[in-house]
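Below is the file my_file24.tsv, which contains TSV, C-alpha atoms.
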```tsv
chain	number	residue	atom	x	y	z
A	1	MET	CA	194.42	-51.71	118.96
A	2	THR	CA	195.25	-54.37	121.57
A	3	GLY	CA	195.37	-58.15	121.17
A	4	ARG	CA	197.37	-60.50	119.03
A	5	VAL	CA	198.98	-59.12	115.86
A	6	VAL	CA	200.81	-60.99	113.11
A	7	ARG	CA	202.80	-58.73	110.77
A	8	VAL	CA	203.95	-59.95	107.36
A	9	THR	CA	206.56	-58.30	105.14
A	10	ALA	CA	207.25	-59.44	101.60
A	11	GLY	CA	209.65	-58.09	99.01
A	12	SER	CA	209.04	-57.89	95.28
A	13	ARG	CA	209.96	-60.32	92.51
A	14	LEU	CA	211.97	-59.66	89.39
A	15	HIS	CA	211.29	-62.14	86.60
A	16	PHE	CA	214.16	-62.50	84.13
A	17	GLY	CA	212.29	-64.57	81.54
A	18	MET	CA	210.78	-67.96	80.79
A	19	LEU	CA	212.40	-71.04	79.32
A	20	SER	CA	209.67	-72.53	77.17
A	21	PHE	CA	206.03	-72.59	76.16
A	22	GLY	CA	203.91	-73.99	73.36
A	23	GLN	CA	205.84	-77.22	72.67
A	24	PRO	CA	203.54	-80.26	73.18
A	25	GLY	CA	204.88	-82.82	75.63
A	26	ARG	CA	207.59	-80.47	76.89
A	27	ARG	CA	207.81	-78.56	80.15
A	28	GLN	CA	205.95	-75.27	79.97
A	29	PHE	CA	207.14	-71.93	81.32
A	30	GLY	CA	209.99	-72.42	83.84
A	31	GLY	CA	212.56	-69.68	84.13
A	32	ALA	CA	214.48	-67.53	86.59
A	33	GLY	CA	214.10	-64.45	88.73
A	34	ALA	CA	215.21	-62.86	91.96
A	35	MET	CA	213.63	-61.44	95.08
A	36	ILE	CA	214.33	-57.84	96.09
A	37	SER	CA	213.66	-55.95	99.31
A	38	ALA	CA	211.70	-53.06	97.79
A	39	PRO	CA	209.08	-52.04	97.01
A	40	ALA	CA	207.77	-54.04	99.95
A	41	LEU	CA	204.34	-55.38	100.78
A	42	VAL	CA	203.42	-55.04	104.47
A	43	LEU	CA	200.23	-56.33	106.05
A	44	ALA	CA	199.03	-56.97	109.59
A	45	ILE	CA	196.47	-59.45	110.92
A	46	ARG	CA	194.78	-58.27	114.11
A	47	GLU	CA	192.10	-59.57	116.44
A	48	SER	CA	188.63	-58.22	115.66
A	49	ASP	CA	185.00	-59.01	116.43
A	50	ARG	CA	184.39	-59.68	112.72
A	51	PHE	CA	186.26	-60.12	109.45
A	52	GLN	CA	187.47	-56.79	108.07
A	53	VAL	CA	189.92	-55.63	105.41
A	54	ALA	CA	191.44	-52.16	105.26
A	55	GLY	CA	194.03	-50.47	103.06
A	56	SER	CA	194.98	-51.04	99.45
A	57	LEU	CA	194.13	-54.16	97.44
A	58	ALA	CA	191.10	-54.93	99.64
A	59	ASP	CA	189.24	-56.83	96.89
A	60	ARG	CA	192.28	-59.02	96.19
A	61	VAL	CA	192.71	-59.71	99.92
A	62	GLU	CA	189.10	-60.84	100.28
A	63	GLU	CA	189.44	-63.09	97.25
A	64	PHE	CA	192.59	-64.74	98.58
A	65	VAL	CA	191.12	-65.21	102.08
A	66	SER	CA	188.08	-66.92	100.57
A	67	GLN	CA	190.34	-69.29	98.64
A	68	ILE	CA	192.41	-70.09	101.73
A	69	ALA	CA	189.26	-70.79	103.77
A	70	CYS	CA	188.09	-73.31	101.15
A	71	ARG	CA	191.42	-74.99	100.37
A	72	ALA	CA	193.76	-74.91	103.37
A	73	SER	CA	193.65	-77.95	105.64
A	74	TRP	CA	194.86	-75.84	108.57
A	75	TRP	CA	192.03	-73.28	108.33
A	76	LYS	CA	189.91	-73.07	111.49
A	77	ASN	CA	186.32	-71.93	111.77
A	78	GLY	CA	185.81	-68.32	112.62
A	79	MET	CA	187.08	-65.14	111.01
A	80	GLN	CA	187.56	-62.90	114.01
A	81	PHE	CA	190.39	-60.91	112.54
A	82	ARG	CA	191.10	-57.76	110.58
A	83	ILE	CA	193.69	-57.49	107.79
A	84	ASP	CA	195.35	-54.13	107.18
A	85	VAL	CA	197.45	-53.75	104.02
A	86	GLU	CA	199.82	-51.02	105.15
A	87	GLN	CA	201.85	-50.71	101.96
A	88	SER	CA	202.10	-52.49	98.64
A	89	PRO	CA	203.87	-52.33	95.26
A	90	ALA	CA	201.95	-51.38	92.14
A	91	LEU	CA	199.93	-54.11	90.49
A	92	HIS	CA	200.84	-55.29	86.97
A	93	ALA	CA	204.26	-53.62	86.99
A	94	GLY	CA	206.29	-56.80	86.55
A	95	LEU	CA	207.04	-57.06	90.29
A	96	GLY	CA	204.83	-60.03	91.17
A	97	CYS	CA	202.56	-58.09	93.51
A	98	GLY	CA	199.62	-60.49	93.14
A	99	THR	CA	201.66	-63.57	93.99
A	100	GLN	CA	203.43	-61.85	96.87
A	101	LEU	CA	200.09	-60.68	98.30
A	102	GLY	CA	198.62	-64.17	98.07
A	103	MET	CA	201.69	-65.82	99.56
A	104	ALA	CA	201.95	-63.18	102.32
A	105	LEU	CA	198.34	-63.86	103.31
A	106	ALA	CA	198.88	-67.63	103.23
A	107	HIS	CA	202.03	-67.35	105.37
A	108	GLY	CA	200.39	-64.89	107.76
A	109	LEU	CA	197.13	-66.77	108.23
A	110	ALA	CA	198.95	-70.08	108.69
A	111	ALA	CA	200.86	-68.38	111.52
A	112	TRP	CA	197.64	-66.82	112.84
A	113	PHE	CA	196.03	-70.26	113.09
A	114	GLN	CA	199.28	-71.69	114.51
A	115	ALA	CA	199.58	-74.26	111.74
A	116	THR	CA	202.62	-76.49	111.39
A	117	PRO	CA	205.13	-75.19	108.80
A	118	GLN	CA	203.71	-75.49	105.29
A	119	PRO	CA	205.78	-75.94	102.09
A	120	ALA	CA	205.60	-73.20	99.48
A	121	GLU	CA	203.71	-75.44	97.06
A	122	LYS	CA	200.83	-75.98	99.50
A	123	LEU	CA	200.61	-72.32	100.42
A	124	ALA	CA	200.59	-71.40	96.72
A	125	ALA	CA	197.85	-73.94	95.98
A	126	ALA	CA	195.74	-72.42	98.77
A	127	VAL	CA	195.73	-69.05	96.98
A	128	GLY	CA	195.64	-70.38	93.40
A	129	ARG	CA	199.13	-69.24	92.38
A	130	GLY	CA	201.66	-71.07	90.23
A	131	LYS	CA	199.49	-71.65	87.17
A	132	ARG	CA	202.39	-70.49	85.01
A	133	SER	CA	205.56	-69.16	86.63
A	134	ALA	CA	206.60	-70.44	90.06
A	135	VAL	CA	209.51	-68.02	90.57
A	136	GLY	CA	207.53	-65.73	92.87
A	137	LEU	CA	205.99	-68.40	95.03
A	138	TYR	CA	209.34	-70.09	95.74
A	139	GLY	CA	210.98	-66.71	96.15
A	140	ALA	CA	208.33	-65.78	98.70
A	141	SER	CA	209.53	-68.54	101.02
A	142	LEU	CA	213.24	-68.67	100.18
A	143	GLY	CA	214.36	-65.34	98.76
A	144	GLY	CA	217.42	-65.14	96.53
A	145	LEU	CA	217.88	-66.11	92.88
A	146	ILE	CA	215.29	-68.73	91.91
A	147	VAL	CA	215.36	-71.18	88.99
A	148	GLU	CA	212.29	-73.34	88.35
A	149	GLY	CA	211.97	-76.06	85.76
A	150	GLY	CA	208.53	-75.62	84.18
A	151	LYS	CA	205.36	-77.70	84.33
A	152	LEU	CA	204.40	-80.94	82.66
A	153	ASN	CA	200.71	-81.44	81.94
A	154	ASP	CA	199.92	-83.14	85.26
A	155	ASP	CA	202.00	-80.80	87.43
A	156	GLU	CA	200.02	-78.45	89.65
A	157	ILE	CA	203.11	-76.33	90.32
A	158	SER	CA	206.49	-76.29	88.59
A	159	PRO	CA	209.36	-77.90	90.54
A	160	LEU	CA	212.11	-75.82	92.07
A	161	VAL	CA	215.47	-76.40	90.35
A	162	GLY	CA	217.64	-74.28	92.61
A	163	ARG	CA	218.00	-71.26	94.85
A	164	THR	CA	221.15	-69.14	95.23
A	165	ALA	CA	221.77	-66.21	97.55
A	166	LEU	CA	222.83	-62.97	95.88
A	167	PRO	CA	225.57	-60.79	97.43
A	168	GLU	CA	223.99	-58.49	100.00
A	169	GLU	CA	225.88	-55.41	98.74
A	170	TRP	CA	224.50	-55.63	95.19
A	171	ARG	CA	221.70	-53.22	94.31
A	172	PHE	CA	218.95	-53.21	91.69
A	173	VAL	CA	217.83	-49.84	90.35
A	174	LEU	CA	214.17	-50.16	89.37
A	175	MET	CA	212.71	-47.76	86.82
A	176	ILE	CA	209.01	-47.82	85.98
A	177	PRO	CA	208.31	-45.59	82.97
A	178	ALA	CA	204.86	-44.09	82.54
A	179	VAL	CA	203.72	-46.58	79.90
A	180	ALA	CA	201.03	-49.25	79.76
A	181	ALA	CA	200.92	-51.76	82.62
A	182	GLY	CA	202.13	-55.30	82.06
A	183	LEU	CA	199.75	-58.10	81.10
A	184	SER	CA	197.93	-60.20	83.69
A	185	GLY	CA	194.98	-62.53	84.13
A	186	ASP	CA	192.86	-63.33	81.07
A	187	THR	CA	194.75	-60.82	78.93
A	188	GLU	CA	198.03	-62.54	79.73
A	189	GLN	CA	196.57	-65.97	78.96
A	190	ALA	CA	195.27	-64.71	75.63
A	191	ALA	CA	198.73	-63.39	74.80
A	192	PHE	CA	200.29	-66.80	75.53
A	193	ASP	CA	197.64	-68.43	73.34
A	194	ARG	CA	198.70	-66.22	70.42
A	195	LEU	CA	202.45	-66.58	70.86
A	196	PRO	CA	204.36	-69.01	68.64
A	197	PRO	CA	206.07	-71.92	70.45
A	198	VAL	CA	209.56	-71.29	71.76
A	199	PRO	CA	212.02	-73.18	69.52
A	200	LEU	CA	213.69	-76.09	71.28
A	201	GLU	CA	217.13	-74.68	70.51
A	202	THR	CA	216.15	-71.40	72.21
A	203	THR	CA	215.05	-73.25	75.35
A	204	ALA	CA	218.35	-75.15	75.32
A	205	ALA	CA	220.31	-71.90	74.98
A	206	LEU	CA	218.39	-70.26	77.83
A	207	PHE	CA	218.98	-73.26	80.08
A	208	ARG	CA	222.69	-73.30	79.27
A	209	GLU	CA	222.89	-69.60	80.12
A	210	LEU	CA	221.30	-70.25	83.50
A	211	VAL	CA	223.26	-73.36	84.43
A	212	CYS	CA	226.67	-72.48	82.96
A	213	GLU	CA	226.79	-68.72	83.53
A	214	LEU	CA	224.12	-66.98	85.62
A	215	VAL	CA	223.83	-69.32	88.61
A	216	PRO	CA	227.59	-70.01	88.95
A	217	ALA	CA	228.32	-66.28	88.74
A	218	ALA	CA	225.79	-65.61	91.49
A	219	ALA	CA	227.25	-68.36	93.69
A	220	GLN	CA	230.76	-66.92	93.23
A	221	GLY	CA	229.64	-63.31	93.64
A	222	ASN	CA	231.12	-62.51	90.22
A	223	PHE	CA	229.39	-59.20	89.51
A	224	GLU	CA	230.64	-58.64	85.94
A	225	ARG	CA	229.93	-62.19	84.75
A	226	PHE	CA	226.51	-62.24	86.40
A	227	GLY	CA	225.53	-58.91	84.85
A	228	GLU	CA	226.53	-59.89	81.33
A	229	SER	CA	224.75	-63.24	81.66
A	230	LEU	CA	221.63	-61.53	82.99
A	231	TYR	CA	221.53	-59.21	79.96
A	232	ARG	CA	222.07	-62.06	77.48
A	233	TYR	CA	219.38	-64.18	79.14
A	234	GLY	CA	216.89	-61.31	79.05
A	235	GLN	CA	217.58	-60.59	75.39
A	236	LEU	CA	217.03	-64.20	74.39
A	237	ALA	CA	213.95	-64.62	76.59
A	238	GLY	CA	212.51	-61.35	75.29
A	239	GLU	CA	212.71	-62.58	71.70
A	240	CYS	CA	210.20	-65.29	72.63
A	241	PHE	CA	207.62	-62.57	73.42
A	242	ALA	CA	208.38	-60.24	70.51
A	243	ALA	CA	205.26	-61.26	68.59
A	244	GLN	CA	203.10	-59.79	71.39
A	245	GLN	CA	205.36	-57.01	72.65
A	246	GLY	CA	206.46	-55.71	69.28
A	247	GLY	CA	210.08	-56.47	70.11
A	248	ILE	CA	212.35	-57.73	72.87
A	249	TYR	CA	210.91	-55.08	75.21
A	250	ALA	CA	207.33	-54.00	75.84
A	251	SER	CA	207.75	-50.41	74.61
A	252	PRO	CA	210.22	-48.02	72.94
A	253	ALA	CA	210.57	-46.20	76.29
A	254	ILE	CA	211.78	-49.40	77.95
A	255	GLU	CA	214.16	-50.11	75.07
A	256	ARG	CA	215.65	-46.61	75.42
A	257	LEU	CA	216.17	-46.99	79.17
A	258	VAL	CA	217.92	-50.33	78.71
A	259	ALA	CA	220.18	-48.92	76.00
A	260	ARG	CA	221.02	-45.82	78.06
A	261	CYS	CA	222.00	-47.91	81.10
A	262	ARG	CA	224.25	-50.02	78.89
A	263	ASP	CA	225.82	-46.87	77.47
A	264	LEU	CA	226.61	-45.83	81.07
A	265	GLY	CA	228.49	-49.10	81.64
A	266	VAL	CA	225.76	-50.99	83.53
A	267	TRP	CA	225.68	-54.49	82.07
A	268	GLY	CA	222.95	-56.34	83.98
A	269	VAL	CA	219.90	-54.53	82.57
A	270	GLY	CA	216.54	-55.89	81.50
A	271	GLN	CA	212.75	-55.89	81.69
A	272	SER	CA	210.98	-57.74	84.49
A	273	SER	CA	208.23	-60.05	83.22
A	274	TRP	CA	205.87	-58.17	80.86
A	275	GLY	CA	207.16	-54.86	82.25
A	276	PRO	CA	207.00	-51.99	82.51
A	277	THR	CA	209.65	-52.25	85.27
A	278	VAL	CA	213.24	-52.00	84.05
A	279	PHE	CA	216.00	-53.25	86.37
A	280	ALA	CA	219.69	-52.33	86.33
A	281	LEU	CA	222.15	-54.21	88.53
A	282	CYS	CA	224.82	-52.18	90.36
A	283	ARG	CA	227.71	-53.40	92.49
A	284	GLN	CA	226.80	-51.31	95.56
A	285	GLN	CA	224.58	-48.51	96.84
A	286	ALA	CA	226.91	-45.69	95.75
A	287	ASP	CA	227.01	-47.02	92.18
A	288	ALA	CA	223.23	-47.31	92.13
A	289	GLN	CA	222.84	-43.70	93.25
A	290	ARG	CA	225.32	-42.53	90.60
A	291	LEU	CA	223.31	-44.32	87.93
A	292	VAL	CA	220.09	-42.65	89.11
A	293	ASP	CA	221.79	-39.24	89.15
A	294	SER	CA	223.23	-39.73	85.65
A	295	LEU	CA	219.90	-40.81	84.18
A	296	ALA	CA	218.06	-37.98	85.92
A	297	SER	CA	220.52	-35.31	84.75
A	298	ALA	CA	220.11	-36.54	81.17
A	299	GLY	CA	216.32	-36.33	81.43
A	300	GLU	CA	215.94	-40.10	81.08
A	301	LEU	CA	213.78	-40.51	84.19
A	302	ASN	CA	211.01	-38.02	83.46
A	303	GLN	CA	207.74	-39.46	84.77
A	304	ALA	CA	209.47	-42.68	85.84
A	305	GLY	CA	209.20	-44.16	89.32
A	306	ILE	CA	212.61	-44.98	90.82
A	307	THR	CA	213.55	-47.45	93.57
A	308	ILE	CA	216.94	-48.75	94.70
A	309	ALA	CA	216.54	-52.24	96.15
A	310	ALA	CA	218.83	-54.71	97.86
A	311	PRO	CA	218.53	-58.43	97.13
A	312	ASP	CA	216.12	-60.23	99.43
A	313	ASN	CA	217.74	-63.48	100.51
A	314	ARG	CA	215.27	-64.20	103.33
A	315	GLY	CA	211.85	-64.36	101.76
A	316	ILE	CA	208.64	-63.40	103.54
A	317	ARG	CA	209.05	-62.35	107.17
A	318	VAL	CA	206.28	-63.18	109.66
A	319	GLU	CA	206.54	-61.57	113.10
A	320	LEU	CA	204.51	-61.21	116.25
A	321	LEU	CA	203.78	-57.74	117.56
A	322	ASP	CA	206.59	-58.05	120.10
A	323	GLY	CA	209.07	-58.67	117.27
A	324	SER	CA	209.66	-62.37	117.89
A	325	SER	CA	210.06	-64.21	114.63
A	326	ILE	CA	207.86	-67.08	113.51
A	327	VAL	CA	209.65	-69.93	111.72
A	328	GLN	CA	209.12	-69.72	107.97
A	329	PRO	CA	208.00	-72.75	105.93
A	330	LYS	CA	210.58	-73.82	103.37
A	331	PRO	CA	210.07	-75.91	100.23
A	332	ALA	CA	211.74	-79.32	100.25
```

Mind converting the file's structure to structure tokens?
Amino acid sequence: MTGRVVRVTAGSRLHFGMLSFGQPGRRQFGGAGAMISAPALVLAIRESDRFQVAGSLADRVEEFVSQIACRASWWKNGMQFRIDVEQSPALHAGLGCGTQLGMALAHGLAAWFQATPQPAEKLAAAVGRGKRSAVGLYGASLGGLIVEGGKLNDDEISPLVGRTALPEEWRFVLMIPAVAAGLSGDTEQAAFDRLPPVPLETTAALFRELVCELVPAAAQGNFERFGESLYRYGQLAGECFAAQQGGIYASPAIERLVARCRDLGVWGVGQSSWGPTVFALCRQQADAQRLVDSLASAGELNQAGITIAAPDNRGIRVELLDGSSIVQPKPA
């Protein structure tokens, strides 16, 4: 197909856990997570005589495009383009696929209409993201390790606290056991409505872990300290959801995978968001492959999807067909 093409590539998001919810007058949600290179979402916007959508997630694409058309100040009349979703992560696996799809479309269509660079908050508002966590929407633009502070009642989107690049050689082994998908949409909201408030001392402990251990270790590239902090943070954050999950993790299968990775000497292990994705941090590619081989030989990975992913420190990439890069909008 000839004509103009805008190609958008987005990584996935790991969510390490929230800071708070349920306490009146306090910031809600907040938390930390990181962007990873795989599994990737890839879509292309091409010239067409009418609006068309092809590939996976077509219904979600149409919904997001309708929202952008109504909300984005840079939208121009006319929908003479086709959107092809060429590959995508699984929905409701704890990888932030919905947010990354919405943000990828907002980035791509802003480039298609040759809009001036837009901050992440405006792009997220155009696709209705950021109602709870803002890790994925900031990660979409910035990449890296993201910490966001949580929302007060009148906040549309939680403020960004900080972003830190992760060492490029580190690798996350992703394991998705064949168990129930993570919560989303109305089901997720209902779960939050039933959860007890996070104690203030728990929020304080989670914040101390982020500020005093996790973020400094990432900035220094201290693999051991980062991994141990990541595990501690996930354990404490998981306790806040135990009333709905039945424990720190969403299933016994996830709990077994986490324990087995720890037994093999991998410290930075946890569940992403509501699961079912389990992540295990390794120092380099060879270590990640050894972990996969060890788990597979012990029969721990039966019916589990496996991915080895590098950190994504760039965020969403928007390119023209000829490969020239389009400047990415960055949050203030």

I'd like to know which of A:Pro119, A:Gly128, A:Pro24, A:Gly31 is closest to Ser66 in chain A, using all atoms listed in the file.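 Ranked by minimum distance to Ser66 in chain A, first place goes to A:Gly128.
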
If you take all atoms listed in the file and a cut-off of 8 Å, which residues of range 139-251 of chain A touch range 279-290 of chain A, and what are their nearest atom pairs and distances in Å to one decimal, in chain and number order, as a tab-separated table?
```
residue	atom	partner	partner_atom	distance
A:Glu169	CA	A:Gln284	CA	5.3
A:Trp170	CA	A:Arg283	CA	4.8
A:Arg171	CA	A:Cys282	CA	5.1
A:Phe172	CA	A:Leu281	CA	4.6
A:Val173	CA	A:Ala280	CA	5.1
A:Leu174	CA	A:Phe279	CA	4.7
A:Met175	CA	A:Phe279	CA	6.4
A:Phe223	CA	A:Arg283	CA	6.7
A:Gly227	CA	A:Leu281	CA	6.9
```

Looking at only C-alpha atoms, which of A:Arg26, A:Arg13, A:Arg60, A:Arg208 is the one that sits closest to Ala40 in chain A?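 Once distances to Ala40 in chain A are computed over only C-alpha atoms, the minimum belongs to A:Arg13.
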
For Gly102 in chain A, the nearest of the candidates A:Phe29, A:Trp274, A:Phe64, A:Tyr138, counting all atoms listed in the file: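 Once distances to Gly102 in chain A are computed over all atoms listed in the file, the minimum belongs to A:Phe64.
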
Residue nearest Thr203 in chain A - candidates A:Ala32, A:Leu152, A:Ala140, A:Met18, atoms counted: only C-alpha atoms: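 Of A:Ala32, A:Leu152, A:Ala140, A:Met18, the one nearest Thr203 in chain A is A:Met18, counting only C-alpha atoms.
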
Closest to Arg82 in chain A among A:Gly55, A:Gly265, A:Pro197, A:Gly96, using all atoms listed in the file? A:Gly55

Restricting the calculation to only C-alpha atoms, which member of A:Gly299, A:Gly143, A:Pro196, A:Gly108 is positioned closest to Arg46 in chain A?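 That would be A:Gly108, the residue with the smallest distance to Arg46 in chain A.
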
So what do you get for CA of Leu145 in chain A versus CA of Ala178 in chain A, distance-wise?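 Going from CA of Leu145 in chain A over to CA of Ala178 in chain A, I get 27.6 Å.
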
Please measure the separation of CA of Arg317 in chain A and CA of Ile146 in chain A, giving the value in Å to one decimal.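 A separation of 17.7 Å between them.
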
Can you tell me which residues surround Tyr231 in chain A at a distance of at most 9 Å, considering all atoms listed in the file, apart from same-chain residues fewer than 5 positions away, and format the answer as number ranges by chain? A: 226, 236, 267-270

Residues within 10 Å of (220.9, -67.0, 98.8), file coords, all atoms listed in the file, listed as a short mmCIF file (atom, residue, chain, number, x, y, z; two decimals) with C-alpha atoms, in the frame of the given file:
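point.cif, freshly written:
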```
data_model
loop_
_atom_site.label_atom_id
_atom_site.label_comp_id
_atom_site.auth_asym_id
_atom_site.auth_seq_id
_atom_site.Cartn_x
_atom_site.Cartn_y
_atom_site.Cartn_z
CA ALA A 34 215.21 -62.86 91.96
CA MET A 35 213.63 -61.44 95.08
CA LEU A 142 213.24 -68.67 100.18
CA GLY A 143 214.36 -65.34 98.76
CA GLY A 144 217.42 -65.14 96.53
CA LEU A 145 217.88 -66.11 92.88
CA ILE A 146 215.29 -68.73 91.91
CA ARG A 163 218.00 -71.26 94.85
CA THR A 164 221.15 -69.14 95.23
CA ALA A 165 221.77 -66.21 97.55
CA LEU A 166 222.83 -62.97 95.88
CA PRO A 167 225.57 -60.79 97.43
CA GLU A 168 223.99 -58.49 100.00
CA ALA A 218 225.79 -65.61 91.49
CA ALA A 219 227.25 -68.36 93.69
CA PRO A 311 218.53 -58.43 97.13
CA ASP A 312 216.12 -60.23 99.43
CA ASN A 313 217.74 -63.48 100.51
CA ARG A 314 215.27 -64.20 103.33
CA GLY A 315 211.85 -64.36 101.76
#
```

Size and centre in Å, one decimal, axis-aligned box, all listed range 123-138 of chain A atoms plus 3 Å per side, as lines of an AutoDock Vina configuration file:
```
center_x = 202.6
center_y = -69.8
center_z = 92.7
size_x = 19.9
size_y = 14.2
size_z = 21.4
```

Which value, in Å to one decimal, gives the distance between CA of Ser133 in chain A and CA of Leu105 in chain A?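 It comes out at 18.9 Å.
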
Please provide the set of residues having any atom within 7 Å of Ser273 in chain A, restricted to only C-alpha atoms, with same-chain residues fewer than 6 positions apart removed, written as a PDB file with C-alpha atoms, keeping the file's coordinate frame.
```pdb
ATOM      1  CA  HIS A  15     211.290 -62.140  86.600  1.00  0.00           C
ATOM      2  CA  PHE A  16     214.160 -62.500  84.130  1.00  0.00           C
ATOM      3  CA  GLY A  17     212.290 -64.570  81.540  1.00  0.00           C
ATOM      4  CA  GLY A  94     206.290 -56.800  86.550  1.00  0.00           C
TER       5      GLY A  94
END
```
